[in-house]
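Student: Mind looking over this structure? Questions follow.
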Protein chains: 2
Amino acid sequence: MACICFPEDAPATRSGERYNFAAGPAMLPPAVLAQIQDELPDWRGSGQSLLELPFTGAPFKGLMHEAKQDLRDLLTIPSNYRVLFMHGGATCQFGLLPLNLLAPGQSADYLDSGYWAAKAIAEARRHAPLNIIASASEGLRAIAPPEQWRLDPQAGYCHVTSNETANGLQLQHFPELSVPLVADMSSDFLTRPLPVERFGLIYASAQKNLGIAGLCLLIVRDDLLKAPRPGLPSPFSYALQAEQQSRLCTPPTFALYVAALMLRWIGQQGGLTAMASANARKSQLLYQHIDASDLYHCRQQPADRSAINICFHLRDPRLLPDFLREAAATGLLNLQGHAAIGGIRASLYNAMPLAGVKRLVAFMHGFERQHG
Amino acid sequence: MACICFPEDAPATRSGERYNFAAGPAMLPPAVLAQIQDELPDWRGSGQSLLELPFTGAPFKGLMHEAKQDLRDLLTIPSNYRVLFMHGGATCQFGLLPLNLLAPGQSADYLDSGYWAAKAIAEARRHAPLNIIASASEGLRAIAPPEQWRLDPQAGYCHVTSNETANGLQLQHFPELSVPLVADMSSDFLTRPLPVERFGLIYASAQKNLGIAGLCLLIVRDDLLKAPRPGLPSPFSYALQAEQQSRLCTPPTFALYVAALMLRWIGQQGGLTAMASANARKSQLLYQHIDASDLYHCRQQPADRSAINICFHLRDPRLLPDFLREAAATGLLNLQGHAAIGGIRASLYNAMPLAGVKRLVAFMHGFERQHG
């Protein structure tokens with residue numbers, strides 16, 4: 001048996017506070033991590049680890065129920081919406097959306113806003129005809145505003161990506177449309193209050209703001225739930241999973257437990273208004289520092305900049321390897337941009353404290369003094 | 001925010017060793033649980049919890065690679081087989097098998113051996129014509145032996161359920177067939193050595209012998225990998241996932257980490273020969289006690305009895321609630337039979353020590369003395 005070795009690119013320093021700026025799987029709040037560690041061997045005196053809880057038993061059903069209720073409370077979800085917990089992440093939904101929501105041959109509207117919208121479009125196109133309501137701007141500096149969207153009133157739904165994790169762009173407003181609005185919110189779900197009633201469906205991978213990879217959360221208006229079409233396996237049918245309370249097959253029990261803790265933690269921090277205000281403060285601090293600098297620059301138009309994934313570049317890209325290595329050495333981890341984009345990306349999910357952003361800004365200041 | 005309450009049906013006693021006989025999610029080895037707990041806050045000095053590890057980084061890629069290699073070593077997997085890590089469990093594969101392995105209209109052979117085979121058949125039938133090679137015996141006491149299978153030489157594959165978790169039946173031998181043999185091994189994967197070269201595809205949910213729910217492991221002969229048919233979303237295509245080393249989308253990183261630990265633990269225990277011998281000893285002890293008793297009885301024919309899920313009944317079924325309650329009170333947890341079957345079920349996966357079975361036998365003896 002080979003042993004699982006320590007990676008070569010681990011940070012040099014092993015003491016002091018570290019901050020994980022990864023895009024997802026991402027940083028968890030220390031309080032949540034501590035609770036997981038504490039409860040791991042024996043979940044609330046049940047004699048079983050939470051990793052071993054049968055999903056058909058009352059303890060796990062109770063946990064699912066309370067996670068659902070906490071989510072409903074946080075987002076004020078209207079009663080005609082169902083909450084589903086599905087396996088996998090948002091990428092699995094790229095194909096499942098048209099297969100669940102459209103009749104064969106029916107088309108859907110898609111907003112192309114960047115890297116992840118393009119991925120959603122490429123996959124959905126394998127399953128349905130699509131109408132692109134607006135294309136990504138040159139250089140991906142902005143998102144086309146709703147008044148420029150060329151909507152098809154016959155579309156089965158209109159799909160948007162609320163936050164472009166790789167490009168650092170975020171939709172600031174969600175219009176009221178005549179067709180169901182469907183949003184991939186993987187990277188900004190639960191980072192701000194949301195007018196749920198404007199949406200037909202919201203979906204989000206858990207590994208950004210809701211815990212760990214392996215779980216996808218859906219909020220679906222109940223009139224969109226249809227009997228599964230031929231060729232759609234039952235566990236991937238929204239209607240069948242809704243009927244079975246997301247227990248058509250064994251759900252990802254541990255990921256659900258972590259999501260339940262995250263939901264409670266968000267509530268304890270003051271809910272989504274508090275999250276939005278903390279996220280605005282963190283991102284403004286970083287953007288202000290970038291904009292005032294001669295070494296760093298951010299290409300995105302200020303009005304469309306993401307409060308969650310701050311993507312920026314070094315004016316001299318040859319400095320990037322030094323920047324990343326020195327940042328990691330001081331405990332600022334995973335600052336590399338998306339592989340397809342390059343540059344620097346700081347993901348400031350709910351779990352990232354202001355102190356982490358201040359440490360990053362101080363490091364950037366020092367790096368600029370040294371290399372500027 | 002509602003708090004996550006302690007369940008009402010928790011065992012009365014909270015001291016002493018407890019054994020979890022659940023069918024899955026199931027008991028983990030205490031050494032594995034301890035290691036998870038120990039490594040949780042900081043994975044090998046990386047400054048990140050293993051829950052937060054980016055899946056695109058070298059540490060996680062290394063972990064996936066080593067898990068794959070450990071599995072190959074344990075099962076002596078020939079080089080023309082690919083190992084895939086997919087989201088979800090076996091139930092997701094029930095529909096994905098015909099969609100991945102069959103041409104449209106092509107039929108497959110299925111062995112009906114009990115509850116889970118029937119579930120696999122019901123779902124596969126939504127996607128392809130099926131030929132049932134042998135039906136479940138009356139009362140589900142036995143599995144039809146290979147010489148009775150009415151095989152179709154034109155079938156795309158022949159599907160068997162190697163172990164019927166709910167019915168307590170297990171296939172003891174795997175024949176060499178002219179079509180690819182496909183097996184759902186969710187509940188007895190890695191409990192005994194296996195002639196992998198006789199199979200076209202093996203699949204197993206992780207939450208029995210390979211860790212936690214949310215991960216499904218596949219071993220696929222590479223000539224069966226085909227370009228995805230229309231209507232099959234990319235993350236569910238075996239060929240595309242094989243091309244992308246199971247990283248077409250974010251994999252369930254923590255479930256994969258637990259699987260890696262389980263694979264190493266099995267190796268440290270002496271591998272699959274040691275597992276098979278320990279499992280035989282545990283199950284024989286329990287079956288012998290049942291067969292010698294006047295209170296308990298096991299309906300399954302001895303030759304087809306499962307070494308993993310021991311299903312039995314009380315001759316007086318009115319005693320069942322007392323049996324389950326008293327067992328739980330002494331720390332013997334989750335002994336209820338599958339909801340569709342009733343009775344008692346003791347799942348003796350690799351992680352269940354002989355001491356747990358001895359404790360169960362001693363309890364059963366005492367219960368019989370009291371109620372017999």
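Scheme for the structure tokens: letters A, B, ... for chains in order shown; per-chain residue numbers from 1; ligand numbers from 1 in order shown.
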Which chain A residues are at most 6 Å from chain B (counting only C-alpha atoms), as a list in words?

Tutor: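 Residues of chain A within 6 Å of chain B, counting only C-alpha atoms: Met1, Pro7, Ala10, Pro25, Ala26, Met27, Gln37, Ser46, Glu52, Leu53, Pro54, Pro59, Asp70, His87, Gly88, Cys92, Gly95, His127, Ala213, Gly214, Gly231, Pro233, Pro235 and Pro252 of chain A.
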
Student: Applying 10 Å and only C-alpha atoms, which residues near Asp188 in chain A remain after dropping the ones on its own chain fewer than 3 positions away? List them as number ranges by chain.

Tutor: A: 161-165, 170-171, 184-185, 191-192, 204, 208-209, 306-309, 348-350

Student: Skip Gly114 in chain A itself and residues of its chain fewer than 4 positions away, then list as number ranges by chain all residues within 12 Å of it, counting only C-alpha atoms.

Tutor: A: 110, 118-121, 134-144, 160-171, 300, 340-341

Student: What does the distance from CA of His289 in chain B to CA of Leu319 in chain B come to in Å, to one decimal?

Tutor: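 Straight-line distance from CA of His289 in chain B to CA of Leu319 in chain B works out to 18.0 Å.
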
Student: Let's see if you can do this: from backbone DSSP, list all strand (DSSP E) residues in range 63-284 of chain B, as an MDAnalysis selection string.

Tutor: chainID B and resid 81:87 108:111 130:134 158:161 163:164 169:170 181:184 199:205 215:221

Student: So that I have them on file, write out the residues from the current selection with C-alpha atoms, as a PDB file, in the first residue's frame.

Tutor:
ATOM      1  CA  TYR B  81      -9.994  -1.684 -16.607  1.00  0.00           C
ATOM      2  CA  ARG B  82     -10.621   1.911 -15.555  1.00  0.00           C
ATOM      3  CA  VAL B  83     -11.540   3.022 -12.033  1.00  0.00           C
ATOM      4  CA  LEU B  84     -14.160   5.791 -11.874  1.00  0.00           C
ATOM      5  CA  PHE B  85     -15.358   7.820  -8.905  1.00  0.00           C
ATOM      6  CA  MET B  86     -18.887   9.098  -9.507  1.00  0.00           C
ATOM      7  CA  HIS B  87     -21.323  11.157  -7.441  1.00  0.00           C
ATOM      8  CA  ALA B 108     -29.764  -6.491 -21.478  1.00  0.00           C
ATOM      9  CA  ASP B 109     -30.035  -9.619 -19.308  1.00  0.00           C
ATOM     10  CA  TYR B 110     -30.939  -9.215 -15.631  1.00  0.00           C
ATOM     11  CA  LEU B 111     -30.895 -11.747 -12.802  1.00  0.00           C
ATOM     12  CA  LEU B 130     -34.729  -6.384 -20.558  1.00  0.00           C
ATOM     13  CA  ASN B 131     -34.636 -10.152 -20.435  1.00  0.00           C
ATOM     14  CA  ILE B 132     -34.984 -11.648 -16.944  1.00  0.00           C
ATOM     15  CA  ILE B 133     -32.619 -14.635 -16.925  1.00  0.00           C
ATOM     16  CA  ALA B 134     -34.070 -16.090 -13.723  1.00  0.00           C
ATOM     17  CA  CYS B 158     -25.819  -9.399 -18.043  1.00  0.00           C
ATOM     18  CA  HIS B 159     -26.565  -7.719 -14.692  1.00  0.00           C
ATOM     19  CA  VAL B 160     -26.388  -9.412 -11.298  1.00  0.00           C
ATOM     20  CA  THR B 161     -26.656  -8.154  -7.717  1.00  0.00           C
ATOM     21  CA  ASN B 163     -25.312  -9.429  -2.486  1.00  0.00           C
ATOM     22  CA  GLU B 164     -28.954  -8.782  -1.663  1.00  0.00           C
ATOM     23  CA  LEU B 169     -28.618 -13.582  -0.122  1.00  0.00           C
ATOM     24  CA  GLN B 170     -25.217 -13.590  -1.811  1.00  0.00           C
ATOM     25  CA  LEU B 181     -21.032  -9.393 -16.703  1.00  0.00           C
ATOM     26  CA  VAL B 182     -22.142  -6.295 -14.758  1.00  0.00           C
ATOM     27  CA  ALA B 183     -22.504  -6.450 -10.992  1.00  0.00           C
ATOM     28  CA  ASP B 184     -23.986  -4.228  -8.316  1.00  0.00           C
ATOM     29  CA  PHE B 199     -16.594  -8.672 -15.288  1.00  0.00           C
ATOM     30  CA  GLY B 200     -17.382  -5.967 -17.776  1.00  0.00           C
ATOM     31  CA  LEU B 201     -18.318  -3.539 -15.011  1.00  0.00           C
ATOM     32  CA  ILE B 202     -18.477  -3.572 -11.212  1.00  0.00           C
ATOM     33  CA  TYR B 203     -20.152  -0.781  -9.260  1.00  0.00           C
ATOM     34  CA  ALA B 204     -20.605  -0.102  -5.571  1.00  0.00           C
ATOM     35  CA  SER B 205     -21.955   2.647  -3.331  1.00  0.00           C
ATOM     36  CA  LEU B 215     -19.655   8.333  -3.778  1.00  0.00           C
ATOM     37  CA  CYS B 216     -20.050   5.434  -6.189  1.00  0.00           C
ATOM     38  CA  LEU B 217     -17.062   3.480  -7.358  1.00  0.00           C
ATOM     39  CA  LEU B 218     -16.979   1.858 -10.813  1.00  0.00           C
ATOM     40  CA  ILE B 219     -14.501  -0.525 -12.384  1.00  0.00           C
ATOM     41  CA  VAL B 220     -15.113  -0.615 -16.146  1.00  0.00           C
ATOM     42  CA  ARG B 221     -13.441  -2.638 -18.898  1.00  0.00           C
TER      43      ARG B 221
END
